[in-house]
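**Q** Structure file structure_3.pdb (PDB, C-alpha atoms, pLDDT in the B column) is given on the next line.
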```pdb
ATOM      1  CA  MET A  10      40.081  26.197  19.791  1.00 71.00           C
ATOM      2  CA  THR A  11      37.638  27.412  22.429  1.00 82.00           C
ATOM      3  CA  GLU A  12      38.037  28.111  26.118  1.00 85.00           C
ATOM      4  CA  THR A  13      36.430  24.750  26.955  1.00 87.00           C
ATOM      5  CA  ASP A  14      38.677  22.602  24.746  1.00 89.00           C
ATOM      6  CA  GLY A  15      40.599  19.987  26.678  1.00 93.00           C
ATOM      7  CA  LYS A  16      38.566  20.359  29.843  1.00 96.00           C
ATOM      8  CA  SER A  17      36.829  17.559  31.709  1.00 98.00           C
ATOM      9  CA  ALA A  18      33.378  17.129  33.188  1.00 98.00           C
ATOM     10  CA  LEU A  19      32.047  14.699  35.747  1.00 98.00           C
ATOM     11  CA  LEU A  20      28.465  13.527  35.355  1.00 98.00           C
ATOM     12  CA  LEU A  21      27.524  12.135  38.744  1.00 98.00           C
ATOM     13  CA  LEU A  22      24.410  10.038  38.330  1.00 97.00           C
ATOM     14  CA  GLY A  23      21.846   9.477  41.038  1.00 91.00           C
ATOM     15  CA  CYS A  24      19.475   6.579  41.546  1.00 90.00           C
ATOM     16  CA  PRO A  25      18.176   5.668  38.058  1.00 93.00           C
ATOM     17  CA  GLN A  26      14.607   5.443  39.336  1.00 91.00           C
ATOM     18  CA  VAL A  27      13.465   8.472  37.296  1.00 93.00           C
ATOM     19  CA  PRO A  28      13.574   7.763  33.533  1.00 94.00           C
ATOM     20  CA  VAL A  29      14.940  11.101  32.298  1.00 96.00           C
ATOM     21  CA  GLN A  30      18.340  10.595  33.907  1.00 97.00           C
ATOM     22  CA  THR A  31      19.847   8.176  31.380  1.00 97.00           C
ATOM     23  CA  SER A  32      18.823  10.029  28.225  1.00 97.00           C
ATOM     24  CA  VAL A  33      19.755  13.439  29.633  1.00 97.00           C
ATOM     25  CA  ALA A  34      23.158  12.093  30.675  1.00 98.00           C
ATOM     26  CA  ILE A  35      23.899  10.730  27.194  1.00 98.00           C
ATOM     27  CA  HIS A  36      22.632  13.938  25.608  1.00 98.00           C
ATOM     28  CA  LEU A  37      24.821  15.974  27.947  1.00 98.00           C
ATOM     29  CA  CYS A  38      27.865  13.874  26.999  1.00 98.00           C
ATOM     30  CA  GLU A  39      27.259  14.747  23.352  1.00 97.00           C
ATOM     31  CA  GLN A  40      26.841  18.441  24.144  1.00 97.00           C
ATOM     32  CA  LEU A  41      30.031  18.472  26.189  1.00 97.00           C
ATOM     33  CA  ARG A  42      31.995  16.696  23.460  1.00 97.00           C
ATOM     34  CA  GLN A  43      30.837  19.335  20.974  1.00 96.00           C
ATOM     35  CA  ARG A  44      32.527  21.856  23.253  1.00 96.00           C
ATOM     36  CA  GLY A  45      35.729  19.858  23.481  1.00 97.00           C
ATOM     37  CA  ILE A  46      34.967  18.740  27.039  1.00 97.00           C
ATOM     38  CA  GLU A  47      35.681  15.106  27.935  1.00 98.00           C
ATOM     39  CA  PRO A  48      32.764  13.595  29.910  1.00 98.00           C
ATOM     40  CA  VAL A  49      33.318  11.068  32.704  1.00 98.00           C
ATOM     41  CA  ILE A  50      30.294   9.327  34.175  1.00 98.00           C
ATOM     42  CA  ALA A  51      30.118   8.085  37.764  1.00 98.00           C
ATOM     43  CA  GLY A  52      27.187   6.147  39.139  1.00 97.00           C
ATOM     44  CA  THR A  53      25.851   3.108  40.888  1.00 95.00           C
ATOM     45  CA  GLY A  54      26.040  -0.235  39.111  1.00 95.00           C
ATOM     46  CA  SER A  55      22.496   0.019  37.753  1.00 96.00           C
ATOM     47  CA  ALA A  56      22.889   3.614  36.616  1.00 96.00           C
ATOM     48  CA  ARG A  57      26.101   2.724  34.799  1.00 97.00           C
ATOM     49  CA  ARG A  58      24.585  -0.330  33.117  1.00 97.00           C
ATOM     50  CA  LEU A  59      21.659   1.741  31.820  1.00 97.00           C
ATOM     51  CA  ILE A  60      24.085   4.179  30.238  1.00 97.00           C
ATOM     52  CA  GLU A  61      26.421   1.549  28.813  1.00 97.00           C
ATOM     53  CA  VAL A  62      23.597  -0.507  27.319  1.00 97.00           C
ATOM     54  CA  ALA A  63      22.065   2.587  25.706  1.00 97.00           C
ATOM     55  CA  ASP A  64      25.373   3.593  24.061  1.00 97.00           C
ATOM     56  CA  PRO A  65      27.141   0.256  23.478  1.00 96.00           C
ATOM     57  CA  ARG A  66      29.698   1.602  21.016  1.00 96.00           C
ATOM     58  CA  ARG A  67      30.365   4.607  23.231  1.00 96.00           C
ATOM     59  CA  HIS A  68      29.646   7.172  20.570  1.00 96.00           C
ATOM     60  CA  TYR A  69      28.757   9.708  23.255  1.00 97.00           C
ATOM     61  CA  ILE A  70      29.846   8.400  26.628  1.00 97.00           C
ATOM     62  CA  GLY A  71      33.496   7.903  27.569  1.00 96.00           C
ATOM     63  CA  GLU A  72      34.965   6.711  30.844  1.00 97.00           C
ATOM     64  CA  VAL A  73      32.397   5.246  33.232  1.00 98.00           C
ATOM     65  CA  ILE A  74      33.429   4.745  36.855  1.00 98.00           C
ATOM     66  CA  ASP A  75      32.057   3.566  40.181  1.00 97.00           C
ATOM     67  CA  LEU A  76      30.441   6.264  42.306  1.00 96.00           C
ATOM     68  CA  ASP A  77      32.242   5.425  45.543  1.00 94.00           C
ATOM     69  CA  ASP A  78      35.614   5.163  43.820  1.00 96.00           C
ATOM     70  CA  CYS A  79      35.015   8.552  42.214  1.00 97.00           C
ATOM     71  CA  ILE A  80      34.264  10.218  45.551  1.00 97.00           C
ATOM     72  CA  ASP A  81      37.326   8.575  47.102  1.00 96.00           C
ATOM     73  CA  GLU A  82      39.641   9.840  44.345  1.00 97.00           C
ATOM     74  CA  ILE A  83      38.340  13.415  44.550  1.00 98.00           C
ATOM     75  CA  ALA A  84      38.365  13.490  48.354  1.00 97.00           C
ATOM     76  CA  GLU A  85      41.940  12.211  48.379  1.00 96.00           C
ATOM     77  CA  LYS A  86      42.941  14.875  45.797  1.00 96.00           C
ATOM     78  CA  LYS A  87      43.988  12.225  43.286  1.00 97.00           C
ATOM     79  CA  ARG A  88      41.617  13.503  40.652  1.00 97.00           C
ATOM     80  CA  ASP A  89      39.341  16.445  39.922  1.00 98.00           C
ATOM     81  CA  PHE A  90      37.311  17.907  37.071  1.00 98.00           C
ATOM     82  CA  ASP A  91      36.695  21.322  35.527  1.00 98.00           C
ATOM     83  CA  TYR A  92      32.918  20.865  35.643  1.00 98.00           C
ATOM     84  CA  ALA A  93      30.636  18.595  37.652  1.00 98.00           C
ATOM     85  CA  PHE A  94      27.011  17.880  36.834  1.00 98.00           C
ATOM     86  CA  VAL A  95      25.119  16.101  39.587  1.00 98.00           C
ATOM     87  CA  PHE A  96      21.805  14.442  38.728  1.00 98.00           C
ATOM     88  CA  ILE A  97      19.446  15.058  41.617  1.00 97.00           C
ATOM     89  CA  HIS A  98      15.930  13.826  42.228  1.00 94.00           C
ATOM     90  CA  ASN A  99      16.058  13.012  45.933  1.00 93.00           C
ATOM     91  CA  ASP A 100      17.820  13.811  49.178  1.00 93.00           C
ATOM     92  CA  GLY A 101      20.645  11.416  48.337  1.00 94.00           C
ATOM     93  CA  GLY A 102      21.409  13.395  45.196  1.00 96.00           C
ATOM     94  CA  VAL A 103      21.535  16.611  47.204  1.00 96.00           C
ATOM     95  CA  SER A 104      23.980  14.957  49.604  1.00 96.00           C
ATOM     96  CA  TYR A 105      26.303  13.941  46.784  1.00 97.00           C
ATOM     97  CA  ALA A 106      26.177  17.444  45.312  1.00 97.00           C
ATOM     98  CA  GLY A 107      26.924  18.891  48.755  1.00 97.00           C
ATOM     99  CA  THR A 108      29.884  16.567  49.022  1.00 98.00           C
ATOM    100  CA  LEU A 109      31.276  17.703  45.683  1.00 98.00           C
ATOM    101  CA  SER A 110      30.831  21.327  46.728  1.00 98.00           C
ATOM    102  CA  ALA A 111      33.193  20.607  49.615  1.00 97.00           C
ATOM    103  CA  ILE A 112      35.791  18.321  48.045  1.00 98.00           C
ATOM    104  CA  SER A 113      36.006  19.386  44.386  1.00 98.00           C
ATOM    105  CA  GLY A 114      37.175  22.531  42.667  1.00 97.00           C
ATOM    106  CA  ALA A 115      34.843  21.895  39.731  1.00 98.00           C
ATOM    107  CA  ARG A 116      32.216  24.388  38.630  1.00 98.00           C
ATOM    108  CA  LEU A 117      29.199  22.611  40.086  1.00 98.00           C
ATOM    109  CA  PHE A 118      25.812  22.196  38.416  1.00 98.00           C
ATOM    110  CA  GLY A 119      22.821  20.495  40.034  1.00 98.00           C
ATOM    111  CA  ILE A 120      20.385  19.010  37.518  1.00 98.00           C
ATOM    112  CA  VAL A 121      17.206  18.692  39.569  1.00 97.00           C
ATOM    113  CA  TYR A 122      14.193  16.810  38.185  1.00 96.00           C
ATOM    114  CA  GLY A 123      11.265  14.691  39.298  1.00 95.00           C
ATOM    115  CA  GLU A 124       7.925  15.324  40.988  1.00 94.00           C
ATOM    116  CA  HIS A 125       9.462  16.906  44.071  1.00 93.00           C
ATOM    117  CA  ALA A 126      11.909  19.185  42.277  1.00 95.00           C
ATOM    118  CA  ASP A 127      10.781  22.332  44.151  1.00 95.00           C
ATOM    119  CA  GLU A 128      11.366  20.792  47.586  1.00 94.00           C
ATOM    120  CA  THR A 129      14.642  19.316  46.424  1.00 95.00           C
ATOM    121  CA  VAL A 130      15.896  22.692  45.192  1.00 96.00           C
ATOM    122  CA  ALA A 131      15.019  24.231  48.558  1.00 95.00           C
ATOM    123  CA  SER A 132      17.358  21.796  50.297  1.00 94.00           C
ATOM    124  CA  ILE A 133      20.370  22.896  48.237  1.00 96.00           C
ATOM    125  CA  THR A 134      22.067  25.233  50.688  1.00 94.00           C
ATOM    126  CA  PHE A 135      25.580  25.233  49.225  1.00 96.00           C
ATOM    127  CA  PRO A 136      27.097  26.977  46.174  1.00 95.00           C
ATOM    128  CA  CYS A 137      25.712  25.236  43.093  1.00 96.00           C
ATOM    129  CA  GLU A 138      24.229  26.345  39.762  1.00 97.00           C
ATOM    130  CA  VAL A 139      20.798  24.735  39.650  1.00 97.00           C
ATOM    131  CA  VAL A 140      18.797  23.623  36.616  1.00 97.00           C
ATOM    132  CA  ALA A 141      15.390  22.435  37.826  1.00 96.00           C
ATOM    133  CA  THR A 142      12.241  21.047  36.223  1.00 95.00           C
ATOM    134  CA  LYS A 143       9.559  18.602  37.365  1.00 94.00           C
ATOM    135  CA  ALA A 144      10.331  16.305  34.434  1.00 90.00           C
ATOM    136  CA  THR A 145      10.086  12.578  35.068  1.00 91.00           C
ATOM    137  CA  HIS A 146       9.517  10.851  31.702  1.00 95.00           C
ATOM    138  CA  ASN A 147       9.986  13.641  29.143  1.00 95.00           C
ATOM    139  CA  PRO A 148      13.611  14.801  29.078  1.00 95.00           C
ATOM    140  CA  MET A 149      12.998  17.865  26.908  1.00 96.00           C
ATOM    141  CA  PRO A 150      12.359  20.390  29.728  1.00 95.00           C
ATOM    142  CA  VAL A 151      15.689  19.379  31.280  1.00 95.00           C
ATOM    143  CA  VAL A 152      17.502  19.445  27.943  1.00 96.00           C
ATOM    144  CA  VAL A 153      16.196  22.922  27.099  1.00 96.00           C
ATOM    145  CA  LYS A 154      17.116  24.414  30.475  1.00 95.00           C
ATOM    146  CA  LEU A 155      20.469  22.686  30.544  1.00 95.00           C
ATOM    147  CA  GLY A 156      21.313  24.065  27.100  1.00 94.00           C
ATOM    148  CA  LYS A 157      21.046  27.584  28.496  1.00 94.00           C
ATOM    149  CA  VAL A 158      23.685  27.101  31.178  1.00 94.00           C
ATOM    150  CA  LEU A 159      26.257  24.865  29.513  1.00 94.00           C
ATOM    151  CA  PRO A 160      29.742  26.345  29.406  1.00 90.00           C
TER     152      PRO A 160
ATOM    153  CA  MET B 219      31.910   4.245  51.280  1.00 48.00           C
ATOM    154  CA  SER B 220      31.899   0.674  50.081  1.00 51.00           C
ATOM    155  CA  CYS B 221      34.037  -0.506  52.973  1.00 65.00           C
ATOM    156  CA  ILE B 222      31.337   0.325  55.521  1.00 74.00           C
ATOM    157  CA  ASP B 223      30.313  -3.322  55.196  1.00 75.00           C
ATOM    158  CA  GLN B 224      33.612  -4.262  56.820  1.00 81.00           C
ATOM    159  CA  ILE B 225      32.662  -2.848  60.216  1.00 88.00           C
ATOM    160  CA  GLU B 226      29.980  -3.901  62.675  1.00 93.00           C
ATOM    161  CA  TYR B 227      27.271  -1.299  62.918  1.00 94.00           C
ATOM    162  CA  GLU B 228      23.743  -0.751  64.146  1.00 96.00           C
ATOM    163  CA  ILE B 229      21.207   1.227  62.142  1.00 95.00           C
ATOM    164  CA  ILE B 230      19.574   3.762  64.437  1.00 95.00           C
ATOM    165  CA  LEU B 231      17.631   5.754  61.832  1.00 94.00           C
ATOM    166  CA  SER B 232      16.678   4.926  58.250  1.00 93.00           C
ATOM    167  CA  GLY B 233      14.729   6.554  55.450  1.00 85.00           C
ATOM    168  CA  ALA B 234      15.522  10.024  56.748  1.00 86.00           C
ATOM    169  CA  SER B 235      16.673  13.096  54.922  1.00 89.00           C
ATOM    170  CA  PHE B 236      20.223  14.225  55.466  1.00 91.00           C
ATOM    171  CA  ARG B 237      18.978  17.216  57.468  1.00 91.00           C
ATOM    172  CA  GLU B 238      16.771  15.013  59.688  1.00 93.00           C
ATOM    173  CA  GLY B 239      19.777  12.823  60.416  1.00 94.00           C
ATOM    174  CA  ALA B 240      21.868  15.806  61.478  1.00 95.00           C
ATOM    175  CA  GLU B 241      19.056  17.112  63.690  1.00 95.00           C
ATOM    176  CA  TYR B 242      18.634  13.685  65.284  1.00 96.00           C
ATOM    177  CA  ILE B 243      22.302  13.595  66.263  1.00 97.00           C
ATOM    178  CA  ARG B 244      22.231  17.129  67.650  1.00 97.00           C
ATOM    179  CA  LYS B 245      19.118  16.339  69.690  1.00 97.00           C
ATOM    180  CA  HIS B 246      20.092  12.924  71.051  1.00 97.00           C
ATOM    181  CA  PHE B 247      23.850  13.125  71.541  1.00 96.00           C
ATOM    182  CA  GLY B 248      25.311  15.778  73.780  1.00 95.00           C
ATOM    183  CA  GLU B 249      28.757  15.235  72.320  1.00 97.00           C
ATOM    184  CA  HIS B 250      28.726  15.928  68.623  1.00 96.00           C
ATOM    185  CA  TYR B 251      31.081  17.348  66.032  1.00 97.00           C
ATOM    186  CA  GLU B 252      30.782  19.031  62.674  1.00 97.00           C
ATOM    187  CA  VAL B 253      33.066  17.961  59.821  1.00 97.00           C
ATOM    188  CA  ASP B 254      33.200  18.668  56.113  1.00 96.00           C
ATOM    189  CA  PRO B 255      31.784  16.186  53.593  1.00 97.00           C
ATOM    190  CA  GLY B 256      34.567  13.893  52.471  1.00 96.00           C
ATOM    191  CA  TYR B 257      35.872  13.535  56.041  1.00 96.00           C
ATOM    192  CA  ARG B 258      37.442  10.107  56.389  1.00 95.00           C
ATOM    193  CA  LEU B 259      35.745   7.920  58.977  1.00 95.00           C
ATOM    194  CA  PHE B 260      36.279   4.167  59.280  1.00 93.00           C
ATOM    195  CA  ASP B 261      38.378   4.366  56.115  1.00 89.00           C
ATOM    196  CA  ALA B 262      35.488   5.841  54.110  1.00 91.00           C
ATOM    197  CA  HIS B 263      34.602   9.344  52.977  1.00 95.00           C
ATOM    198  CA  LEU B 264      31.403  10.789  54.395  1.00 96.00           C
ATOM    199  CA  ILE B 265      28.711  11.966  52.002  1.00 96.00           C
ATOM    200  CA  GLY B 266      26.486  14.883  52.919  1.00 96.00           C
ATOM    201  CA  VAL B 267      25.514  18.514  52.881  1.00 95.00           C
ATOM    202  CA  PRO B 268      27.967  20.617  54.865  1.00 95.00           C
ATOM    203  CA  PRO B 269      28.363  20.517  57.779  1.00 95.00           C
ATOM    204  CA  VAL B 270      28.177  16.776  58.427  1.00 97.00           C
ATOM    205  CA  VAL B 271      27.271  16.120  62.066  1.00 97.00           C
ATOM    206  CA  LEU B 272      28.786  13.168  63.956  1.00 98.00           C
ATOM    207  CA  GLY B 273      27.718  12.027  67.408  1.00 97.00           C
ATOM    208  CA  VAL B 274      29.673  10.330  70.156  1.00 98.00           C
ATOM    209  CA  ASP B 275      28.192   8.034  72.791  1.00 97.00           C
ATOM    210  CA  ALA B 276      30.653   6.238  75.078  1.00 96.00           C
ATOM    211  CA  GLU B 277      32.929   4.359  72.617  1.00 97.00           C
ATOM    212  CA  ASP B 278      30.492   4.584  69.713  1.00 97.00           C
ATOM    213  CA  VAL B 279      30.417   7.008  66.788  1.00 97.00           C
ATOM    214  CA  ILE B 280      27.051   7.916  65.250  1.00 97.00           C
ATOM    215  CA  PHE B 281      27.357   9.009  61.644  1.00 97.00           C
ATOM    216  CA  PRO B 282      25.312   9.436  58.454  1.00 96.00           C
ATOM    217  CA  TYR B 283      25.604   6.966  55.626  1.00 94.00           C
ATOM    218  CA  THR B 284      23.965   7.967  52.352  1.00 91.00           C
ATOM    219  CA  LYS B 285      22.987   5.684  49.496  1.00 86.00           C
ATOM    220  CA  PRO B 286      21.813   7.219  46.198  1.00 86.00           C
ATOM    221  CA  CYS B 287      18.619   5.155  46.080  1.00 84.00           C
ATOM    222  CA  ARG B 288      17.866   4.733  49.767  1.00 81.00           C
ATOM    223  CA  GLY B 289      18.569   8.078  51.352  1.00 84.00           C
ATOM    224  CA  THR B 290      20.403   8.604  54.593  1.00 90.00           C
ATOM    225  CA  PHE B 291      20.874   6.107  57.407  1.00 94.00           C
ATOM    226  CA  LEU B 292      22.308   6.926  60.796  1.00 96.00           C
ATOM    227  CA  LEU B 293      24.734   4.229  61.876  1.00 96.00           C
ATOM    228  CA  ARG B 294      26.327   3.503  65.233  1.00 97.00           C
ATOM    229  CA  ALA B 295      29.688   1.758  65.340  1.00 97.00           C
ATOM    230  CA  ARG B 296      32.394   1.272  67.961  1.00 96.00           C
ATOM    231  CA  GLY B 297      35.279   3.598  67.212  1.00 95.00           C
ATOM    232  CA  PRO B 298      37.484   4.767  70.061  1.00 96.00           C
ATOM    233  CA  GLU B 299      40.254   5.754  67.645  1.00 96.00           C
ATOM    234  CA  GLU B 300      37.857   7.755  65.512  1.00 96.00           C
ATOM    235  CA  ILE B 301      36.505   9.455  68.627  1.00 97.00           C
ATOM    236  CA  ALA B 302      40.005  10.374  69.741  1.00 96.00           C
ATOM    237  CA  ARG B 303      40.655  11.876  66.318  1.00 96.00           C
ATOM    238  CA  LEU B 304      37.435  13.885  66.469  1.00 96.00           C
ATOM    239  CA  ARG B 305      38.213  15.181  69.944  1.00 95.00           C
ATOM    240  CA  ALA B 306      41.741  16.100  68.946  1.00 95.00           C
ATOM    241  CA  ARG B 307      40.537  18.297  66.101  1.00 84.00           C
ATOM    242  CA  LYS B 308      37.969  20.156  68.222  1.00 58.00           C
ATOM    243  CA  LYS B 309      38.939  23.781  68.709  1.00 54.00           C
TER     244      LYS B 309
END
```
Can you turn what I pasted into structure tokens?
**A**
Amino acid sequence: MTETDGKSALLLLGCPQVPVQTSVAIHLCEQLRQRGIEPVIAGTGSARRLIEVADPRRHYIGEVIDLDDCIDEIAEKKRDFDYAFVFIHNDGGVSYAGTLSAISGARLFGIVYGEHADETVASITFPCEVVATKATHNPMPVVVKLGKVLP
Amino acid sequence: MSCIDQIEYEIILSGASFREGAEYIRKHFGEHYEVDPGYRLFDAHLIGVPPVVLGVDAEDVIFPYTKPCRGTFLLRARGPEEIARLRARKK
């Protein structure tokens, strides 16, 4: 029994335009499960399909929910998580992370990646633990940095 | 914010960053309000970096609408009840 056993984590996916997102999300699910943390993925239809097709027997992923429904449930205090990992590669991702910072009690992590990672990090003006690399196709820089901050 | 499609709206700014949208409202609408992300407007929860800025022009509300893949849009929609609610909460 560890201090993370039985806890939950939200993985809030952004636009799946940048390839690293899907593999990092599945990897993160596995890492969280190793720690006894139940992962829940929220994303757009395309982001969810990419995840579900890549792990059809759900060895790593668990519950997968619609992004808007997820925000509604948290904002209305019907549901919350112990941890939230927001995948960020554009301004939209920053906006979703900013929203979680206001409506959720979760410990918030921003996983920032993509060519414009430096500019994106600069626009994060709210409390959030940031993991940032310029990775686009190779997920390893994200995986390595993420491994250093996981609970 | 899936139910945004259920109201009539006009897009007044597209392809902007969230910050640019907030600055646009502050610059162009003398009556504006700051709310927290998650504020319920037109039966939807607003997405954004705090504070979220909303504008008022006659009976219209100007507000940001963010899509993960398309960034932030500024929309204008008729909303006298929403305006009354915003004015009532102003300190």
**Q** Rank B:Ala306, B:Leu231, B:Ala295, B:Ile225 by their smallest atom-to-atom distance to B:Val274, using only C-alpha atoms, and report the top residue only.
**A** B:Ala295
**Q** Please report as a Markdown table every residue of chain A lying within 9 Å of chain B, along with the nearest atom pair and their distance in Å (one decimal), using all atoms listed in the file.
**A**
```
| residue | atom | partner | partner_atom | distance |
| --- | --- | --- | --- | --- |
| A:Leu22 | CA | B:Pro286 | CA | 8.8 |
| A:Gly23 | CA | B:Pro286 | CA | 5.6 |
| A:Cys24 | CA | B:Cys287 | CA | 4.8 |
| A:Pro25 | CA | B:Cys287 | CA | 8.1 |
| A:Gln26 | CA | B:Cys287 | CA | 7.9 |
| A:Gly52 | CA | B:Pro286 | CA | 8.9 |
| A:Thr53 | CA | B:Pro286 | CA | 7.8 |
| A:Asp77 | CA | B:Met219 | CA | 5.9 |
| A:Asp78 | CA | B:Met219 | CA | 8.4 |
| A:Ile80 | CA | B:His263 | CA | 7.5 |
| A:Asp81 | CA | B:His263 | CA | 6.5 |
| A:Ile83 | CA | B:Gly256 | CA | 8.8 |
| A:Ala84 | CA | B:Gly256 | CA | 5.6 |
| A:Glu85 | CA | B:Gly256 | CA | 8.6 |
| A:Asn99 | CA | B:Gly289 | CA | 7.7 |
| A:Asp100 | CA | B:Ser235 | CA | 5.9 |
| A:Gly101 | CA | B:Pro286 | CA | 4.9 |
| A:Gly102 | CA | B:Pro286 | CA | 6.3 |
| A:Val103 | CA | B:Val267 | CA | 7.2 |
| A:Ser104 | CA | B:Gly266 | CA | 4.2 |
| A:Tyr105 | CA | B:Ile265 | CA | 6.1 |
| A:Ala106 | CA | B:Val267 | CA | 7.7 |
| A:Gly107 | CA | B:Val267 | CA | 4.4 |
| A:Thr108 | CA | B:Pro255 | CA | 5.0 |
| A:Leu109 | CA | B:Pro255 | CA | 8.1 |
| A:Ser110 | CA | B:Val267 | CA | 8.6 |
| A:Ala111 | CA | B:Pro255 | CA | 6.1 |
| A:Ile112 | CA | B:Gly256 | CA | 6.4 |
| A:Ser132 | CA | B:Arg237 | CA | 8.7 |
| A:Ile133 | CA | B:Val267 | CA | 8.2 |
| A:Thr134 | CA | B:Val267 | CA | 7.9 |
| A:Phe135 | CA | B:Val267 | CA | 7.6 |
```
**Q** Write the residues you've just listed into a file as a PDB file, in the coordinates of the input, and include C-alpha atoms for each of them.
**A**
```pdb
ATOM      1  CA  LEU A  22      24.410  10.038  38.330  1.00 97.00           C
ATOM      2  CA  GLY A  23      21.846   9.477  41.038  1.00 91.00           C
ATOM      3  CA  CYS A  24      19.475   6.579  41.546  1.00 90.00           C
ATOM      4  CA  PRO A  25      18.176   5.668  38.058  1.00 93.00           C
ATOM      5  CA  GLN A  26      14.607   5.443  39.336  1.00 91.00           C
ATOM      6  CA  GLY A  52      27.187   6.147  39.139  1.00 97.00           C
ATOM      7  CA  THR A  53      25.851   3.108  40.888  1.00 95.00           C
ATOM      8  CA  ASP A  77      32.242   5.425  45.543  1.00 94.00           C
ATOM      9  CA  ASP A  78      35.614   5.163  43.820  1.00 96.00           C
ATOM     10  CA  ILE A  80      34.264  10.218  45.551  1.00 97.00           C
ATOM     11  CA  ASP A  81      37.326   8.575  47.102  1.00 96.00           C
ATOM     12  CA  ILE A  83      38.340  13.415  44.550  1.00 98.00           C
ATOM     13  CA  ALA A  84      38.365  13.490  48.354  1.00 97.00           C
ATOM     14  CA  GLU A  85      41.940  12.211  48.379  1.00 96.00           C
ATOM     15  CA  ASN A  99      16.058  13.012  45.933  1.00 93.00           C
ATOM     16  CA  ASP A 100      17.820  13.811  49.178  1.00 93.00           C
ATOM     17  CA  GLY A 101      20.645  11.416  48.337  1.00 94.00           C
ATOM     18  CA  GLY A 102      21.409  13.395  45.196  1.00 96.00           C
ATOM     19  CA  VAL A 103      21.535  16.611  47.204  1.00 96.00           C
ATOM     20  CA  SER A 104      23.980  14.957  49.604  1.00 96.00           C
ATOM     21  CA  TYR A 105      26.303  13.941  46.784  1.00 97.00           C
ATOM     22  CA  ALA A 106      26.177  17.444  45.312  1.00 97.00           C
ATOM     23  CA  GLY A 107      26.924  18.891  48.755  1.00 97.00           C
ATOM     24  CA  THR A 108      29.884  16.567  49.022  1.00 98.00           C
ATOM     25  CA  LEU A 109      31.276  17.703  45.683  1.00 98.00           C
ATOM     26  CA  SER A 110      30.831  21.327  46.728  1.00 98.00           C
ATOM     27  CA  ALA A 111      33.193  20.607  49.615  1.00 97.00           C
ATOM     28  CA  ILE A 112      35.791  18.321  48.045  1.00 98.00           C
ATOM     29  CA  SER A 132      17.358  21.796  50.297  1.00 94.00           C
ATOM     30  CA  ILE A 133      20.370  22.896  48.237  1.00 96.00           C
ATOM     31  CA  THR A 134      22.067  25.233  50.688  1.00 94.00           C
ATOM     32  CA  PHE A 135      25.580  25.233  49.225  1.00 96.00           C
TER      33      PHE A 135
END
```
**Q** Once the PyMOL selection byres ((chain B and resi 248) around 12) has been applied to the shown file, what residues remain in the selection, as a PyMOL selection string?
**A** chain B and resi 241-247+249-251+271-276+280
**Q** Using only C-alpha atoms, which of the listed residues (A:Lys154, A:Gln43, A:Ile35, A:Ala115) sits closest to A:Ala93?
**A** A:Ala115
**Q** Pick from A:Lys143, A:His125, A:Arg116, A:Arg57: nearest to A:Phe94, with all atoms listed in the file counted?
**A** A:Arg116
**Q** So how far away is atom CA of B:Glu226 from atom CA of B:Arg305, in Å?
**A**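 Rounded to one decimal, the two atoms are 22.0 Å apart.
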**Q** Using only C-alpha atoms, which residue out of A:Arg67, A:Lys16, A:Lys86, A:His98 lies closest to A:Ala141?
**A** A:His98
**Q** Tell me, as a list in words, which residues lie within 7 Å of A:Gly119, counting all atoms listed in the file; anything in the same chain fewer than 6 positions away does not count.
**A** Phe94, Val95, Phe96, Ile97, Ala106, Cys137, Glu138, Val139 and Val140 of chain A
**Q** Between atom CA of B:Pro282 and atom CA of B:Val253, what distance in Å does the model show, to one decimal?
**A**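 Between atom CA of B:Pro282 and atom CA of B:Val253 the gap works out to 11.6 Å.
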**Q** Which one is closest to B:Phe291: B:Ile222, B:Glu252, B:Tyr227, B:Gly239? Count only C-alpha atoms.
**A** B:Gly239
**Q** Can you measure atom CA of A:Val62 to atom CA of A:Val49 for me? One decimal in Å is fine.
**A** 16.0 Å
**Q** With 6 Å added on each side, what axis-aligned box encloses every listed atom of stretch 238-252 of chain B? Give the centre and edge lengths in Å to one decimal, as AutoDock Vina command-line options.
**A**
```
--center_x 23.9 --center_y 15.9 --center_z 66.7 --size_x 26.3 --size_y 18.2 --size_z 26.1
```
**Q** So which residues get picked by the PyMOL selection byres ((chain A and resi 18) around 8) here, written as a list in words?
**A** Lys16, Ser17, Leu19, Leu20, Leu41, Ile46, Glu47, Pro48, Val49, Phe90, Asp91, Tyr92, Ala93 and Phe94 of chain A
**Q** Check which residues satisfy the PyMOL selection byres ((chain A and resi 156) around 12) in the file shown, then give them as a ChimeraX atom specification.
**A** /A:33,36-37,39-41,120,140,149-155,157-160
**Q** Quick one: write out the picked residues with C-alpha atoms as an mmCIF file, in the frame of the given file?
**A**
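Wrote it out as selection27.cif, contents follow:
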```cif
data_model
loop_
_atom_site.group_PDB
_atom_site.id
_atom_site.type_symbol
_atom_site.label_atom_id
_atom_site.label_comp_id
_atom_site.auth_asym_id
_atom_site.auth_seq_id
_atom_site.Cartn_x
_atom_site.Cartn_y
_atom_site.Cartn_z
ATOM 1 C CA VAL A 33 19.755 13.439 29.633
ATOM 2 C CA HIS A 36 22.632 13.938 25.608
ATOM 3 C CA LEU A 37 24.821 15.974 27.947
ATOM 4 C CA GLU A 39 27.259 14.747 23.352
ATOM 5 C CA GLN A 40 26.841 18.441 24.144
ATOM 6 C CA LEU A 41 30.031 18.472 26.189
ATOM 7 C CA ILE A 120 20.385 19.010 37.518
ATOM 8 C CA VAL A 140 18.797 23.623 36.616
ATOM 9 C CA MET A 149 12.998 17.865 26.908
ATOM 10 C CA PRO A 150 12.359 20.390 29.728
ATOM 11 C CA VAL A 151 15.689 19.379 31.280
ATOM 12 C CA VAL A 152 17.502 19.445 27.943
ATOM 13 C CA VAL A 153 16.196 22.922 27.099
ATOM 14 C CA LYS A 154 17.116 24.414 30.475
ATOM 15 C CA LEU A 155 20.469 22.686 30.544
ATOM 16 C CA LYS A 157 21.046 27.584 28.496
ATOM 17 C CA VAL A 158 23.685 27.101 31.178
ATOM 18 C CA LEU A 159 26.257 24.865 29.513
ATOM 19 C CA PRO A 160 29.742 26.345 29.406
#
```
